[in-house]
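**Student:** Please read through the structure below; I'll follow up with questions.
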Amino acid sequence: MTPHSSLPTVSTAVADVLAARTDHLFGLMGNGNAHLISHLTSAGFGFTSARHEAATVTMADAYHRATGRVGAATTTYGAGFTNTYTALAEARLARIPLVLVVGDAPTTGARPFDIDQTGAAAAVGVTTLVATPANATAITHRAFDLAARTVQPVVLAIPYDCATAPLVDPVDVEPLPAKEAWQPGPEELDRIAGLLRTAARPLILAGRGVLLAGATTELAELGDRLGALFMTSVMAVGAVDSPWNLGIAGGFTRDHRLATARQADLVLVAGASLNAFQSRYGTLFAPGTRMIRIDNEPAEAMAHPAVTDYVRADLGVALAGLLARTPAADPARTWRAGAPEVAGETYRSSAPIEDPAEFGPDGRLNPRAVVAALEDILPRQRSVVMDGGHFIGWAPMYLTVPDPQAMVLVGTAFQSIGLGFGAAAGVSVARPERTTVFVTGDGGGLMGLADLETFLRATRRGVIVVLNDSAYGAELHQYAAKGLDPTAMLIDEADFAALGRAMGAAGTKATTLADLTALTDWLDTHDEGVFVLDVAISQQVVAEFMTASLTAGKRL
């Protein structure tokens, strides 16, 4: 069969389902997926090519985070697949539904350069489905359904000798079983509602699970009836639009809000993981605080030493049940009225900055002062995208976003750096009406530099902020501080603004706060394009989340 045949093949059938289930494909062409991509691009379907295969998955990952829709990516077999591995592990651990279509070994047997891709995917907890001439259409639909149902990535493999094979009479694919939703018992809801009503200083911590359950309205109403304060996870930032929202819980919590959160006598955790970072390494709330957790996961999977009461239940059902059992409290008798340090509207302000000094002890810029200034410089309608690394400590503390889907961190679940340029490109494709603000460090920025070009190509209007400390900052603060030799922790100063200008962007190197006016002037005069702001930040300023982890480590 020739590539120009009009007969349907495995590749064209998979492509047709992709076109029906998503509006964009992120990929990099090779022998294993050339026919698939060609079938789509020849019809004008949206396709963004990466320059490194890792970015194919991070683009699809970020596309989901920015839209809520299942992402789609494609690479060839062998090295094309293995180059996605870190990004695939990140998507798995972060629970991101996406479909990765890959070439694979022929059904007749592995070639010298083939590996067990199914086994490799399984090693990071990712399921592989295989497209054949008898199931290509049905199994591609299954891949999207499974990704959405499990909130996980799924690999769809096309064996090399099947790519151009004609379809045969289809075989039936067993339907997915109905997803089990756990119903809380009335007595259990009565007990939890009673605990909430009798708490003097209740706080509700909302996670991504509340968004997935579509239960933000019920959660906000429950908090208002109780006179409670709110916090959110990073992935649920802004989910509760309330002056009583203390912001992000954990390593990104502002100091003055942390002091208030530690006064809570009861915390209701709804759809949040309570991982070490989110709980600020066990220091977010005071010891002995009663903590009630509601989630639809098994108790053994959700076990946490700080949780005193665990309710396995569908969040929408549970919150509606608690709301029905909770009459509005007298506002004058709630925590909101009784604590002078809880000032409602003050929690919407970026002030006070934890350390407003312009420079760190080494004479380079203080990143807190820089990012706090960017809050007022950057357009309000923005998506903020971050790579992994020490630098992430400041942007979530000081940069606000319009909604939870506008704060995207790719790499933190797997503790990876270097995935940011691809993630930022995916967000630009997903939300072109917003200015994409990509914040990275110099270590991760250099690692992912191949897809700087992808970001420039995919972005209508964007700003790249490189918080450049000429070091691998996390290692510097963890190990050089303990006396280890810093040679391998240091990076020769790179000028990312010059790199950006060489590829067609605008940009400047900032060594003072006054240098930020170059970005202000560019934003005032440009509706399109990308500006690269390379900020020379101090090596001696440590992010709050890092300080908390180091302090917790000493206690342990």
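Labels used: A, B, ... for chains in the order of the structure tokens, numbers from 1 for residues in each chain, and numbers from 1 for ligands as shown.
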Tell me which protein, DNA and RNA residues are within 9 Å of Pro175 of chain A, counting only C-alpha atoms, leaving out same-chain ones fewer than 3 positions away, and put them as a PyMOL selection string.

**Tutor:** chain A and resi 142+172+178

**Student:** Kindly save the residues from that selection, with N, CA, C and O atoms included, as a short mmCIF file (atom, residue, chain, number, x, y, z; two decimals), in the first residue's frame.

**Tutor:**
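What ended up in again-v3.cif:
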data_model
loop_
_atom_site.label_atom_id
_atom_site.label_comp_id
_atom_site.auth_asym_id
_atom_site.auth_seq_id
_atom_site.Cartn_x
_atom_site.Cartn_y
_atom_site.Cartn_z
N ARG A 142 -10.94 4.14 23.23
CA ARG A 142 -10.70 3.58 24.57
C ARG A 142 -9.57 4.32 25.27
O ARG A 142 -9.64 4.59 26.47
N ASP A 172 -15.05 -6.37 18.68
CA ASP A 172 -15.62 -5.60 19.78
C ASP A 172 -14.57 -5.37 20.87
O ASP A 172 -13.73 -6.23 21.15
N ALA A 178 -18.33 0.94 34.83
CA ALA A 178 -18.73 2.22 35.41
C ALA A 178 -17.79 2.59 36.56
O ALA A 178 -17.39 1.73 37.35
#

**Student:** Could you list, as an MDAnalysis selection string, every residue within 6 Å of Ala236 of chain A, counting only C-alpha atoms and ignoring same-chain residues fewer than 4 positions away?

**Tutor:** chainID A and resid 207:208 232 404

**Student:** How would the residues just chosen look if you wrote them out with N, CA, C and O atoms as an mmCIF file, in the first residue's frame?

**Tutor:**
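Below is the file that was written, part-v1.cif:
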data_model
loop_
_atom_site.group_PDB
_atom_site.id
_atom_site.type_symbol
_atom_site.label_atom_id
_atom_site.label_comp_id
_atom_site.auth_asym_id
_atom_site.auth_seq_id
_atom_site.Cartn_x
_atom_site.Cartn_y
_atom_site.Cartn_z
ATOM 1 N N GLY A 207 -8.529 21.213 47.215
ATOM 2 C CA GLY A 207 -7.565 20.749 46.230
ATOM 3 C C GLY A 207 -8.191 20.577 44.862
ATOM 4 O O GLY A 207 -9.368 20.878 44.643
ATOM 5 N N ARG A 208 -7.398 20.055 43.961
ATOM 6 C CA ARG A 208 -7.848 19.858 42.584
ATOM 7 C C ARG A 208 -9.077 18.953 42.506
ATOM 8 O O ARG A 208 -9.897 19.076 41.600
ATOM 9 N N THR A 232 -6.020 26.822 49.374
ATOM 10 C CA THR A 232 -6.112 25.905 48.236
ATOM 11 C C THR A 232 -4.742 25.291 47.954
ATOM 12 O O THR A 232 -3.709 25.818 48.384
ATOM 13 N N PRO A 404 -7.813 28.831 38.291
ATOM 14 C CA PRO A 404 -6.862 27.751 38.591
ATOM 15 C C PRO A 404 -6.123 27.219 37.372
ATOM 16 O O PRO A 404 -4.978 26.758 37.496
#

**Student:** For a quick check of understanding, using only C-alpha atoms, which of A:Phe545, A:Ala369, A:Ser38, A:Ser6 has the smallest distance to Thr283 of chain A?

**Tutor:**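 Once distances to Thr283 of chain A are computed over only C-alpha atoms, the minimum belongs to A:Phe545.
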
**Student:** Could you please write out, as a ChimeraX atom specification, every residue of segment 194-243 of chain A that DSSP assigns to helix (DSSP H, G or I)?

**Tutor:** /A:194-198,208-212,216-226,234-236

**Student:** Taking N, CA and C atoms for each residue, export the selection above as a JSON list (two decimals), in the first residue's frame.

**Tutor:**
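Once everything was written out, this is selection.json:
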[["chain", "number", "residue", "atom", "x", "y", "z"],
["A", 194, "GLY", "N", -21.32, 17.89, 62.57],
["A", 194, "GLY", "CA", -21.29, 18.31, 63.96],
["A", 194, "GLY", "C", -19.93, 18.84, 64.37],
["A", 195, "LEU", "N", -18.87, 18.17, 63.91],
["A", 195, "LEU", "CA", -17.51, 18.64, 64.21],
["A", 195, "LEU", "C", -17.26, 20.02, 63.60],
["A", 196, "LEU", "N", -17.74, 20.21, 62.38],
["A", 196, "LEU", "CA", -17.55, 21.50, 61.72],
["A", 196, "LEU", "C", -18.29, 22.62, 62.45],
["A", 197, "ARG", "N", -19.51, 22.33, 62.88],
["A", 197, "ARG", "CA", -20.33, 23.36, 63.52],
["A", 197, "ARG", "C", -19.76, 23.79, 64.88],
["A", 198, "THR", "N", -19.10, 22.88, 65.55],
["A", 198, "THR", "CA", -18.61, 23.19, 66.90],
["A", 198, "THR", "C", -17.18, 23.73, 66.90],
["A", 208, "ARG", "N", -7.40, 20.06, 43.96],
["A", 208, "ARG", "CA", -7.85, 19.86, 42.58],
["A", 208, "ARG", "C", -9.08, 18.95, 42.51],
["A", 209, "GLY", "N", -9.22, 18.04, 43.47],
["A", 209, "GLY", "CA", -10.37, 17.14, 43.45],
["A", 209, "GLY", "C", -11.69, 17.88, 43.48],
["A", 210, "VAL", "N", -11.73, 19.03, 44.15],
["A", 210, "VAL", "CA", -12.97, 19.82, 44.19],
["A", 210, "VAL", "C", -13.29, 20.35, 42.80],
["A", 211, "LEU", "N", -12.27, 20.75, 42.05],
["A", 211, "LEU", "CA", -12.48, 21.21, 40.67],
["A", 211, "LEU", "C", -12.98, 20.07, 39.80],
["A", 212, "LEU", "N", -12.34, 18.90, 39.92],
["A", 212, "LEU", "CA", -12.74, 17.76, 39.10],
["A", 212, "LEU", "C", -14.18, 17.33, 39.41],
["A", 216, "THR", "N", -17.02, 23.45, 43.61],
["A", 216, "THR", "CA", -16.48, 24.67, 44.23],
["A", 216, "THR", "C", -17.58, 25.53, 44.86],
["A", 217, "THR", "N", -18.76, 25.57, 44.23],
["A", 217, "THR", "CA", -19.85, 26.38, 44.77],
["A", 217, "THR", "C", -20.29, 25.87, 46.13],
["A", 218, "GLU", "N", -20.45, 24.54, 46.25],
["A", 218, "GLU", "CA", -20.87, 23.95, 47.52],
["A", 218, "GLU", "C", -19.80, 24.18, 48.60],
["A", 219, "LEU", "N", -18.54, 24.04, 48.20],
["A", 219, "LEU", "CA", -17.47, 24.22, 49.18],
["A", 219, "LEU", "C", -17.43, 25.66, 49.69],
["A", 220, "ALA", "N", -17.57, 26.63, 48.78],
["A", 220, "ALA", "CA", -17.55, 28.03, 49.20],
["A", 220, "ALA", "C", -18.73, 28.36, 50.11],
["A", 221, "GLU", "N", -19.90, 27.82, 49.78],
["A", 221, "GLU", "CA", -21.08, 28.08, 50.60],
["A", 221, "GLU", "C", -20.94, 27.46, 51.98],
["A", 222, "LEU", "N", -20.37, 26.26, 52.03],
["A", 222, "LEU", "CA", -20.14, 25.61, 53.32],
["A", 222, "LEU", "C", -19.22, 26.46, 54.18],
["A", 223, "GLY", "N", -18.14, 26.96, 53.60],
["A", 223, "GLY", "CA", -17.23, 27.80, 54.35],
["A", 223, "GLY", "C", -17.88, 29.08, 54.85],
["A", 224, "ASP", "N", -18.71, 29.69, 54.00],
["A", 224, "ASP", "CA", -19.38, 30.93, 54.41],
["A", 224, "ASP", "C", -20.36, 30.67, 55.55],
["A", 225, "ARG", "N", -21.07, 29.56, 55.50],
["A", 225, "ARG", "CA", -22.01, 29.25, 56.60],
["A", 225, "ARG", "C", -21.28, 29.03, 57.92],
["A", 226, "LEU", "N", -20.08, 28.46, 57.83],
["A", 226, "LEU", "CA", -19.31, 28.19, 59.05],
["A", 226, "LEU", "C", -18.52, 29.41, 59.52],
["A", 234, "VAL", "N", -1.91, 24.35, 44.94],
["A", 234, "VAL", "CA", -1.47, 25.13, 43.78],
["A", 234, "VAL", "C", -2.40, 24.89, 42.59],
["A", 235, "MET", "N", -2.81, 23.63, 42.37],
["A", 235, "MET", "CA", -3.63, 23.31, 41.21],
["A", 235, "MET", "C", -5.07, 23.76, 41.38],
["A", 236, "ALA", "N", -5.42, 24.25, 42.54],
["A", 236, "ALA", "CA", -6.76, 24.79, 42.77],
["A", 236, "ALA", "C", -6.71, 26.27, 43.12]]

**Student:** Which residues, written as a list in words, have at least one atom at most 9 Å from Ile115 of chain A, with only C-alpha atoms counted and residues fewer than 5 positions away on the same chain left out?

**Tutor:**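 The contact residues come out as Tyr77, Gly78, Asp104, Ala105, Ala110 and Ala120 of chain A.
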
**Student:** Considering only C-alpha atoms, can you say which of A:Leu18, A:Ala91, A:Val542, A:Leu523 comes closest to Pro361 of chain A?

**Tutor:**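 Once distances to Pro361 of chain A are computed over only C-alpha atoms, the minimum belongs to A:Val542.
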
**Student:** Please provide as a ChimeraX atom specification all residues within 7 Å of segment 415-431 of chain A, with the sequence filter that same-chain residues fewer than 3 positions apart are discarded (counting only C-alpha atoms).

**Tutor:** /A:55,58-60,62-63,66-67,385-389,410-412,434,436,438,440,444-445,447-448,451-452,454-455,458-459

**Student:** Store the residues of this selection in a file with N, CA and C atoms, as a PDB file, in the first residue's frame.

**Tutor:**
ATOM      1  N   ALA A  55       9.191  17.418  25.084  1.00  0.00           N
ATOM      2  CA  ALA A  55       8.250  18.537  24.997  1.00  0.00           C
ATOM      3  C   ALA A  55       6.927  18.134  24.367  1.00  0.00           C
ATOM      4  N   THR A  58       5.055  17.219  27.501  1.00  0.00           N
ATOM      5  CA  THR A  58       4.819  18.359  28.391  1.00  0.00           C
ATOM      6  C   THR A  58       3.854  19.361  27.762  1.00  0.00           C
ATOM      7  N   MET A  59       3.875  19.505  26.440  1.00  0.00           N
ATOM      8  CA  MET A  59       2.892  20.371  25.790  1.00  0.00           C
ATOM      9  C   MET A  59       1.485  19.826  25.993  1.00  0.00           C
ATOM     10  N   ALA A  60       1.318  18.518  25.788  1.00  0.00           N
ATOM     11  CA  ALA A  60      -0.003  17.911  25.986  1.00  0.00           C
ATOM     12  C   ALA A  60      -0.427  17.967  27.448  1.00  0.00           C
ATOM     13  N   ALA A  62       0.501  20.287  29.712  1.00  0.00           N
ATOM     14  CA  ALA A  62       0.122  21.664  30.029  1.00  0.00           C
ATOM     15  C   ALA A  62      -1.170  22.069  29.331  1.00  0.00           C
ATOM     16  N   TYR A  63      -1.397  21.534  28.138  1.00  0.00           N
ATOM     17  CA  TYR A  63      -2.659  21.796  27.431  1.00  0.00           C
ATOM     18  C   TYR A  63      -3.835  21.338  28.297  1.00  0.00           C
ATOM     19  N   ALA A  66      -4.332  23.648  31.303  1.00  0.00           N
ATOM     20  CA  ALA A  66      -4.850  24.966  30.936  1.00  0.00           C
ATOM     21  C   ALA A  66      -6.285  24.936  30.423  1.00  0.00           C
ATOM     22  N   THR A  67      -6.773  23.753  30.028  1.00  0.00           N
ATOM     23  CA  THR A  67      -8.117  23.674  29.444  1.00  0.00           C
ATOM     24  C   THR A  67      -9.044  22.695  30.134  1.00  0.00           C
ATOM     25  N   VAL A 385       3.340  29.938  33.880  1.00  0.00           N
ATOM     26  CA  VAL A 385       3.838  28.577  33.706  1.00  0.00           C
ATOM     27  C   VAL A 385       5.219  28.493  34.343  1.00  0.00           C
ATOM     28  N   MET A 386       5.470  27.415  35.074  1.00  0.00           N
ATOM     29  CA  MET A 386       6.757  27.259  35.731  1.00  0.00           C
ATOM     30  C   MET A 386       7.383  25.902  35.464  1.00  0.00           C
ATOM     31  N   ASP A 387       8.679  25.919  35.338  1.00  0.00           N
ATOM     32  CA  ASP A 387       9.506  24.729  35.308  1.00  0.00           C
ATOM     33  C   ASP A 387       9.725  24.297  36.763  1.00  0.00           C
ATOM     34  N   GLY A 388      10.500  23.248  36.979  1.00  0.00           N
ATOM     35  CA  GLY A 388      10.846  22.844  38.330  1.00  0.00           C
ATOM     36  C   GLY A 388      12.175  23.443  38.747  1.00  0.00           C
ATOM     37  N   GLY A 389      12.365  23.642  40.040  1.00  0.00           N
ATOM     38  CA  GLY A 389      13.625  24.163  40.545  1.00  0.00           C
ATOM     39  C   GLY A 389      13.411  25.047  41.759  1.00  0.00           C
ATOM     40  N   VAL A 410       4.796  22.317  35.758  1.00  0.00           N
ATOM     41  CA  VAL A 410       5.099  20.996  35.204  1.00  0.00           C
ATOM     42  C   VAL A 410       6.523  20.618  35.605  1.00  0.00           C
ATOM     43  N   GLY A 411       6.642  19.536  36.335  1.00  0.00           N
ATOM     44  CA  GLY A 411       7.941  19.064  36.789  1.00  0.00           C
ATOM     45  C   GLY A 411       8.003  18.829  38.278  1.00  0.00           C
ATOM     46  N   THR A 412       7.109  19.482  39.032  1.00  0.00           N
ATOM     47  CA  THR A 412       7.203  19.384  40.493  1.00  0.00           C
ATOM     48  C   THR A 412       6.800  18.014  41.029  1.00  0.00           C
ATOM     49  N   ARG A 434      -4.514  34.800  26.196  1.00  0.00           N
ATOM     50  CA  ARG A 434      -3.813  35.299  27.368  1.00  0.00           C
ATOM     51  C   ARG A 434      -2.323  35.443  27.074  1.00  0.00           C
ATOM     52  N   THR A 436       1.205  34.490  27.870  1.00  0.00           N
ATOM     53  CA  THR A 436       1.863  33.379  28.555  1.00  0.00           C
ATOM     54  C   THR A 436       3.121  33.888  29.235  1.00  0.00           C
ATOM     55  N   PHE A 438       6.188  32.640  31.227  1.00  0.00           N
ATOM     56  CA  PHE A 438       6.945  31.442  31.581  1.00  0.00           C
ATOM     57  C   PHE A 438       8.080  31.833  32.512  1.00  0.00           C
ATOM     58  N   THR A 440      11.281  30.473  34.708  1.00  0.00           N
ATOM     59  CA  THR A 440      12.199  29.350  34.793  1.00  0.00           C
ATOM     60  C   THR A 440      13.467  29.776  35.520  1.00  0.00           C
ATOM     61  N   GLY A 444      17.174  24.715  34.651  1.00  0.00           N
ATOM     62  CA  GLY A 444      16.118  24.099  33.857  1.00  0.00           C
ATOM     63  C   GLY A 444      15.988  24.729  32.486  1.00  0.00           C
ATOM     64  N   GLY A 445      16.219  26.050  32.419  1.00  0.00           N
ATOM     65  CA  GLY A 445      16.139  26.723  31.129  1.00  0.00           C
ATOM     66  C   GLY A 445      17.170  26.203  30.150  1.00  0.00           C
ATOM     67  N   MET A 447      18.589  23.235  30.274  1.00  0.00           N
ATOM     68  CA  MET A 447      18.288  21.837  29.969  1.00  0.00           C
ATOM     69  C   MET A 447      17.232  21.708  28.883  1.00  0.00           C
ATOM     70  N   GLY A 448      16.241  22.586  28.891  1.00  0.00           N
ATOM     71  CA  GLY A 448      15.148  22.492  27.921  1.00  0.00           C
ATOM     72  C   GLY A 448      15.271  23.446  26.761  1.00  0.00           C
ATOM     73  N   ASP A 451      13.573  23.694  23.095  1.00  0.00           N
ATOM     74  CA  ASP A 451      12.194  24.094  22.834  1.00  0.00           C
ATOM     75  C   ASP A 451      11.904  25.549  23.170  1.00  0.00           C
ATOM     76  N   LEU A 452      12.971  26.362  23.340  1.00  0.00           N
ATOM     77  CA  LEU A 452      12.778  27.813  23.302  1.00  0.00           C
ATOM     78  C   LEU A 452      12.194  28.192  21.943  1.00  0.00           C
ATOM     79  N   THR A 454      10.372  26.350  20.040  1.00  0.00           N
ATOM     80  CA  THR A 454       8.973  25.912  20.004  1.00  0.00           C
ATOM     81  C   THR A 454       8.079  26.937  20.686  1.00  0.00           C
ATOM     82  N   PHE A 455       8.517  27.438  21.835  1.00  0.00           N
ATOM     83  CA  PHE A 455       7.729  28.441  22.543  1.00  0.00           C
ATOM     84  C   PHE A 455       7.566  29.707  21.716  1.00  0.00           C
ATOM     85  N   ALA A 458       5.045  29.025  18.980  1.00  0.00           N
ATOM     86  CA  ALA A 458       3.674  28.712  19.394  1.00  0.00           C
ATOM     87  C   ALA A 458       2.976  29.862  20.114  1.00  0.00           C
ATOM     88  N   THR A 459       3.721  30.898  20.492  1.00  0.00           N
ATOM     89  CA  THR A 459       3.186  31.922  21.392  1.00  0.00           C
ATOM     90  C   THR A 459       2.810  33.192  20.646  1.00  0.00           C
TER      91      THR A 459
END

**Student:** Using only C-alpha atoms, which residues sit within 10 Å of Asp330 of chain A once same-chain residues fewer than 3 positions away are excluded, as an NGL selection string?

**Tutor:** :A and (225-227 or 327 or 333-334 or 337)

**Student:** Could you dump the residues just selected with C-alpha atoms as a PDB file, in the first residue's frame?

**Tutor:**
ATOM      1  CA  ARG A 225     -22.006  29.248  56.597  1.00  0.00           C
ATOM      2  CA  LEU A 226     -19.311  28.188  59.052  1.00  0.00           C
ATOM      3  CA  GLY A 227     -17.488  31.521  58.952  1.00  0.00           C
ATOM      4  CA  PRO A 327     -27.125  26.159  58.997  1.00  0.00           C
ATOM      5  CA  ARG A 333     -19.600  34.662  66.560  1.00  0.00           C
ATOM      6  CA  THR A 334     -17.360  33.203  63.824  1.00  0.00           C
ATOM      7  CA  ALA A 337     -15.366  38.382  63.197  1.00  0.00           C
TER       8      ALA A 337
END

**Student:** For Gln478 of chain A, which residue among A:Ala328, A:Ala13, A:Leu550, A:Ala136 is the nearest when counting only C-alpha atoms?

**Tutor:** A:Leu550

**Student:** Just the number, please: distance in Å from atom CA of Thr75 of chain A to atom CA of Gly32 of chain A, one decimal.

**Tutor:**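 Here the two named atoms are 7.4 Å from each other.
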
**Student:** Which residue, A:Ser233, A:Pro202, A:Glu433, A:Val370, has the smallest gap to Gly247 of chain A when you use only C-alpha atoms?

**Tutor:**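 The shortest atom-to-atom distance to Gly247 of chain A comes from A:Ser233.
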
**Student:** Go through A:Glu493, A:Asp362, A:Asp403, A:Glu90 and flag the residue nearest Arg380 of chain A, using only C-alpha atoms for the distances.

**Tutor:** A:Asp403

**Student:** Enumerate the residues of segment 18-139 of chain A with a DSSP assignment of strand (DSSP E or B), computed from the backbone, and present them as an mmCIF file with N, CA and C atoms, in the first residue's frame.

**Tutor:**
data_model
loop_
_atom_site.group_PDB
_atom_site.id
_atom_site.type_symbol
_atom_site.label_atom_id
_atom_site.label_comp_id
_atom_site.auth_asym_id
_atom_site.auth_seq_id
_atom_site.Cartn_x
_atom_site.Cartn_y
_atom_site.Cartn_z
ATOM 1 N N LEU A 25 -2.779 18.384 18.305
ATOM 2 C CA LEU A 25 -1.831 17.293 18.536
ATOM 3 C C LEU A 25 -0.440 17.894 18.659
ATOM 4 N N PHE A 26 0.305 17.438 19.679
ATOM 5 C CA PHE A 26 1.671 17.876 19.893
ATOM 6 C C PHE A 26 2.585 16.699 19.581
ATOM 7 N N GLY A 27 3.633 16.915 18.797
ATOM 8 C CA GLY A 27 4.434 15.763 18.440
ATOM 9 C C GLY A 27 5.759 16.098 17.806
ATOM 10 N N PHE A 47 -1.496 21.159 14.719
ATOM 11 C CA PHE A 47 -0.335 20.352 15.096
ATOM 12 C C PHE A 47 0.811 21.278 15.450
ATOM 13 N N THR A 48 1.438 21.025 16.601
ATOM 14 C CA THR A 48 2.629 21.763 17.000
ATOM 15 C C THR A 48 3.771 20.787 17.170
ATOM 16 N N SER A 49 4.849 21.027 16.423
ATOM 17 C CA SER A 49 6.014 20.159 16.501
ATOM 18 C C SER A 49 6.964 20.630 17.585
ATOM 19 N N GLY A 71 -5.224 15.825 26.730
ATOM 20 C CA GLY A 71 -4.209 16.204 25.760
ATOM 21 C C GLY A 71 -3.810 15.035 24.877
ATOM 22 N N ALA A 72 -3.130 15.341 23.777
ATOM 23 C CA ALA A 72 -2.688 14.300 22.849
ATOM 24 C C ALA A 72 -1.295 14.629 22.332
ATOM 25 N N ALA A 73 -0.436 13.612 22.320
ATOM 26 C CA ALA A 73 0.946 13.782 21.866
ATOM 27 C C ALA A 73 1.335 12.579 21.019
ATOM 28 N N THR A 74 2.403 12.723 20.238
ATOM 29 C CA THR A 74 2.881 11.590 19.446
ATOM 30 C C THR A 74 4.381 11.675 19.216
ATOM 31 N N THR A 75 5.029 10.498 19.254
ATOM 32 C CA THR A 75 6.441 10.371 18.901
ATOM 33 C C THR A 75 6.619 9.064 18.144
ATOM 34 N N LEU A 98 -3.800 12.283 29.413
ATOM 35 C CA LEU A 98 -3.346 12.550 28.053
ATOM 36 C C LEU A 98 -3.132 11.224 27.345
ATOM 37 N N VAL A 99 -3.157 11.267 26.016
ATOM 38 C CA VAL A 99 -2.908 10.080 25.202
ATOM 39 C C VAL A 99 -1.628 10.318 24.412
ATOM 40 N N LEU A 100 -0.658 9.429 24.579
ATOM 41 C CA LEU A 100 0.600 9.492 23.845
ATOM 42 C C LEU A 100 0.603 8.382 22.803
ATOM 43 N N VAL A 101 0.532 8.759 21.533
ATOM 44 C CA VAL A 101 0.531 7.788 20.431
ATOM 45 C C VAL A 101 1.973 7.596 19.978
ATOM 46 N N VAL A 102 2.447 6.357 20.031
ATOM 47 C CA VAL A 102 3.848 6.083 19.697
ATOM 48 C C VAL A 102 3.943 4.966 18.680
ATOM 49 N N GLY A 103 5.001 5.009 17.877
ATOM 50 C CA GLY A 103 5.345 3.839 17.092
ATOM 51 C C GLY A 103 5.870 2.760 18.023
ATOM 52 N N ASP A 104 5.922 1.515 17.525
ATOM 53 C CA ASP A 104 6.417 0.423 18.363
ATOM 54 C C ASP A 104 7.014 -0.659 17.470
ATOM 55 N N THR A 127 -0.422 2.709 31.481
ATOM 56 C CA THR A 127 -0.991 1.616 30.695
ATOM 57 C C THR A 127 -0.736 1.834 29.209
ATOM 58 N N THR A 128 -0.431 0.740 28.494
ATOM 59 C CA THR A 128 -0.262 0.786 27.040
ATOM 60 C C THR A 128 -1.366 -0.013 26.365
ATOM 61 N N LEU A 129 -2.012 0.589 25.388
ATOM 62 C CA LEU A 129 -2.959 -0.086 24.515
ATOM 63 C C LEU A 129 -2.330 -0.197 23.135
ATOM 64 N N VAL A 130 -2.712 -1.222 22.361
ATOM 65 C CA VAL A 130 -2.085 -1.470 21.065
ATOM 66 C C VAL A 130 -3.136 -1.402 19.968
#

**Student:** Leu467 of chain A: which residues within 8 Å, counting only C-alpha atoms, same-chain residues fewer than 6 positions away excluded, as a compact mmCIF listing (two decimals) with N, CA, C and O atoms, in the first residue's frame?

**Tutor:**
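Output (around.txt):
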# COMPACT_ATOMS: atom_id res chain seq x y z
N PRO A 367 15.04 38.05 44.50
CA PRO A 367 13.94 37.57 43.67
C PRO A 367 12.56 37.91 44.22
O PRO A 367 11.61 38.06 43.45
N PHE A 391 13.74 28.16 42.10
CA PHE A 391 13.12 29.45 41.77
C PHE A 391 11.60 29.44 41.89
O PHE A 391 10.98 30.51 41.95
N VAL A 439 8.08 31.25 33.72
CA VAL A 439 9.11 31.53 34.71
C VAL A 439 9.98 30.29 34.86
O VAL A 439 9.48 29.19 35.12
N THR A 440 11.28 30.47 34.71
CA THR A 440 12.20 29.35 34.79
C THR A 440 13.47 29.78 35.52
O THR A 440 13.71 30.96 35.73
N GLY A 441 14.26 28.78 35.89
CA GLY A 441 15.60 29.04 36.39
C GLY A 441 16.59 28.83 35.28
O GLY A 441 16.25 28.34 34.19
N ASP A 442 17.85 29.17 35.53
CA ASP A 442 18.84 29.00 34.47
C ASP A 442 19.20 27.53 34.26
O ASP A 442 19.44 27.11 33.12
N ASP A 534 15.90 38.32 31.58
CA ASP A 534 16.89 37.54 32.31
C ASP A 534 17.27 38.34 33.56
O ASP A 534 17.85 39.42 33.46
N VAL A 535 16.89 37.82 34.72
CA VAL A 535 17.08 38.55 35.97
C VAL A 535 18.24 37.93 36.75
O VAL A 535 18.18 36.75 37.13
N ALA A 536 19.26 38.71 37.00
CA ALA A 536 20.41 38.23 37.77
C ALA A 536 20.05 38.25 39.25
O ALA A 536 20.12 39.29 39.91
N ILE A 537 19.64 37.10 39.78
CA ILE A 537 19.19 37.06 41.18
C ILE A 537 20.27 36.52 42.10
O ILE A 537 21.22 35.86 41.68

**Student:** Distance table requested - segment 341-430 of chain A against segment 517-521 of chain A, cut-off 12 Å, only C-alpha atoms: one row per qualifying residue with the closest atom pair and its distance in Å to one decimal, ordered by chain and rising residue number, as JSON lines.

**Tutor:**
{"residue": "A:Val370", "atom": "CA", "partner": "A:Thr517", "partner_atom": "CA", "distance": 11.8}
{"residue": "A:Ala373", "atom": "CA", "partner": "A:Thr517", "partner_atom": "CA", "distance": 10.6}
{"residue": "A:Leu374", "atom": "CA", "partner": "A:Thr520", "partner_atom": "CA", "distance": 9.4}
{"residue": "A:Glu375", "atom": "CA", "partner": "A:Thr520", "partner_atom": "CA", "distance": 11.7}
{"residue": "A:Asp376", "atom": "CA", "partner": "A:Thr520", "partner_atom": "CA", "distance": 9.8}
{"residue": "A:Ile377", "atom": "CA", "partner": "A:Thr520", "partner_atom": "CA", "distance": 6.2}
{"residue": "A:Leu378", "atom": "CA", "partner": "A:Thr520", "partner_atom": "CA", "distance": 7.9}
{"residue": "A:Pro379", "atom": "CA", "partner": "A:Thr520", "partner_atom": "CA", "distance": 9.8}

**Student:** Separation of atom CA of Ile204 of chain A and atom CA of Val437 of chain A, in Å?

**Tutor:**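 These atoms are spaced 29.5 Å apart.
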
**Student:** Set the distance at 9 Å and use only C-alpha atoms: which residues neighbour His39 of chain A once local chain neighbours fewer than 6 positions away are removed? I'd like the list as a list of chain:residue names.

**Tutor:**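 Final neighbour list, sorted by chain and number: A:Ser11, A:Thr12, A:Ala15, A:Asp16, A:Phe45.
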